[in-house]
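Asker: Pasting a structure here, questions to come.
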Amino acid sequence: MTRYRKTQVDARAREIQRLEKVLQDAGIKLTSVASAVWSASSREIIEALIAGERDPAVLAQMAKSRMRAKIPQLEEALYGHFGAHHAFVARQIIDHIDYLDSAIAALTEQICERLLPFESAVALVASIPGISAITAQVIIAETGGDMSRFPTAAHLCAWAGVAPASYESAGKRRPAGTRHGSPWLKRTIVEAARAAARSKGTGTSDLSGEISQV
């Protein structure tokens, strides 16, 4: 279930990228002002575009919270040629994003219910810098929560595919990247490590160079 949820999260990210491309094709440069193409302000503006509103001044006034400080830049970014075909495709994409949001929420609810027996383990794993509750759910789901099968932490790292491999020939050892390991767990751990590397005061911010090589 956690694996399927990840596929839906990835699909949602791709749909948001498609929406951005539709806006760019229409000359709408929303991301030049907004930090992301998909936010409360952005959605309201895009919905208005789909409904037929084309006045940049009117659209810019739909900005919320911190984006309101950028209304002049937003007006300039909203000058474009958003046509009926852009509106049709944008509608389909937004509807698909809404569906994916619903699917992700339903999957998360089911995952949480099934992880109730591992609630303390999830909380313990989530206490590690860079690991969110969702990441902890994936780690517990992939490992089963029973660490007795791994004699040491190094064995777990090797099984996950984040331990360095080695190549030896004629008595000489050369680096060989990382092992294959469990692809779902490896991806989750690498993402968590990158999040921890961006966190201040965790003792991991100096590891970004090493993490980028994994």
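Ordering of the structure tokens sets the chain letters (A, B, ...), residue numbers begin anew at 1 in every chain, and ligands are numbered from 1 in the order given.
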With only C-alpha atoms as the counted atoms, please give the residues lying no more than 7 Å from stretch 36-52 of chain A, apart from itself and same-chain residues fewer than 5 positions off, as a list in words.
Answerer: Ile16, Glu20, Leu30, Thr31, Leu59, Met62, Ala63, Lys64 and Ala87 of chain A
Asker: Could the residues in this selection be saved with N, CA, C and O atoms as a compact mmCIF listing (two decimals), in the first residue's frame?
Answerer:
```
# COMPACT_ATOMS: atom_id res chain seq x y z
N ILE A 16 1.11 18.16 -11.96
CA ILE A 16 1.41 19.56 -11.64
C ILE A 16 2.41 20.12 -12.65
O ILE A 16 2.29 21.27 -13.09
N GLU A 20 1.84 23.28 -15.29
CA GLU A 20 2.78 24.39 -15.47
C GLU A 20 3.13 24.58 -16.95
O GLU A 20 3.22 25.70 -17.44
N LEU A 30 3.21 32.14 -14.14
CA LEU A 30 2.82 32.18 -12.73
C LEU A 30 3.99 31.83 -11.82
O LEU A 30 4.17 32.43 -10.75
N THR A 31 4.80 30.86 -12.22
CA THR A 31 5.90 30.43 -11.35
C THR A 31 7.05 31.43 -11.28
O THR A 31 7.96 31.27 -10.47
N LEU A 59 -7.33 39.03 -11.95
CA LEU A 59 -6.72 37.75 -11.56
C LEU A 59 -5.72 37.94 -10.42
O LEU A 59 -5.67 37.14 -9.48
N MET A 62 -6.72 37.99 -6.75
CA MET A 62 -7.10 36.73 -6.12
C MET A 62 -5.98 36.14 -5.27
O MET A 62 -6.16 35.13 -4.60
N ALA A 63 -4.82 36.78 -5.31
CA ALA A 63 -3.67 36.31 -4.53
C ALA A 63 -3.99 36.34 -3.04
O ALA A 63 -4.72 37.22 -2.57
N LYS A 64 -3.44 35.40 -2.31
CA LYS A 64 -3.69 35.31 -0.88
C LYS A 64 -2.39 35.45 -0.10
O LYS A 64 -1.31 35.25 -0.62
N ALA A 87 -7.83 26.00 -21.45
CA ALA A 87 -8.81 25.84 -20.37
C ALA A 87 -9.27 24.39 -20.26
O ALA A 87 -9.40 23.85 -19.16
```
Asker: With only C-alpha atoms as the counted atoms, please give the residues lying no more than 8 Å from stretch 143-154 of chain A, apart from itself and same-chain residues fewer than 5 positions off, as a list in words.
Answerer: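 Near stretch 143-154 of chain A, the qualifying residues are Phe118, Ala121 and Ala163 of chain A.
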Asker: Go ahead and save the residues from that selection, with N, CA and C atoms, as a PDB file, in the first residue's frame.
Answerer:
```
ATOM      1  N   PHE A 118       2.181  -0.957  15.199  1.00  0.00           N
ATOM      2  CA  PHE A 118       3.573  -0.495  15.150  1.00  0.00           C
ATOM      3  C   PHE A 118       3.669   1.000  15.467  1.00  0.00           C
ATOM      4  N   ALA A 121       6.834   2.176  17.119  1.00  0.00           N
ATOM      5  CA  ALA A 121       7.984   2.063  16.220  1.00  0.00           C
ATOM      6  C   ALA A 121       7.985   3.197  15.202  1.00  0.00           C
ATOM      7  N   ALA A 163      24.553   0.956   1.353  1.00  0.00           N
ATOM      8  CA  ALA A 163      25.926   0.698   1.791  1.00  0.00           C
ATOM      9  C   ALA A 163      26.828   0.671   0.561  1.00  0.00           C
TER      10      ALA A 163
END
```
Asker: Any chance you could list, as a count of residues only, the residues in stretch 13-201 of chain A that come up strand (DSSP E or B) when DSSP is run on the backbone?
Answerer: 13
Asker: Would you kindly return, as a count of residues only, each protein, DNA or RNA residue with an atom no farther than 8 Å from any atom of A:Phe82, considering only C-alpha atoms and excluding same-chain residues fewer than 2 positions away?
Answerer: 10
Asker: Calculate how many Å separate atom CA of A:Ala106 from atom CA of A:Thr2, rounding to one decimal.
Answerer: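 Spanning atom CA of A:Ala106 to atom CA of A:Thr2 is a straight-line distance of 11.5 Å.
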Asker: Env of A:Ala192: 9 Å cut, atoms = only C-alpha atoms, seq-sep filter 6 positions within chain, self excluded. Answer as an NGL selection string.
Answerer: :A and (129-132 or 135)
Asker: Next, write the just-selected residues to a file, as a CSV table (one decimal), in the first residue's frame, keeping all heavy atoms as the atom set.
Answerer:
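As written to disk, selection.csv reads:
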```
chain,number,residue,atom,x,y,z
A,129,PRO,N,16.0,13.0,12.6
A,129,PRO,CA,16.0,14.2,11.7
A,129,PRO,C,15.9,13.8,10.2
A,129,PRO,O,16.5,12.9,9.7
A,129,PRO,CB,17.4,14.8,11.9
A,129,PRO,CG,17.7,14.4,13.3
A,129,PRO,CD,17.2,13.0,13.5
A,130,GLY,N,15.0,14.5,9.5
A,130,GLY,CA,14.8,14.2,8.1
A,130,GLY,C,13.7,13.2,7.8
A,130,GLY,O,13.3,13.0,6.7
A,131,ILE,N,13.2,12.5,8.8
A,131,ILE,CA,12.2,11.4,8.6
A,131,ILE,C,10.8,11.9,9.1
A,131,ILE,O,10.7,12.2,10.3
A,131,ILE,CB,12.6,10.1,9.3
A,131,ILE,CG1,13.9,9.6,8.7
A,131,ILE,CG2,11.5,9.1,9.2
A,131,ILE,CD1,14.4,8.3,9.3
A,132,SER,N,9.9,12.0,8.2
A,132,SER,CA,8.5,12.4,8.5
A,132,SER,C,7.7,11.2,8.9
A,132,SER,O,8.2,10.0,8.8
A,132,SER,CB,7.9,13.1,7.3
A,132,SER,OG,7.8,12.1,6.2
A,135,THR,N,7.4,8.9,5.9
A,135,THR,CA,8.7,8.2,5.6
A,135,THR,C,8.8,7.1,6.6
A,135,THR,O,9.2,6.0,6.2
A,135,THR,CB,9.9,9.2,5.7
A,135,THR,OG1,9.7,10.2,4.7
A,135,THR,CG2,11.2,8.4,5.4
```
Asker: Record the distance separating atom CA of A:Ser32 and atom CA of A:Leu74, expressed in Å with one decimal.
Answerer: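 Taking atom CA of A:Ser32 and atom CA of A:Leu74, their separation equals 8.5 Å.
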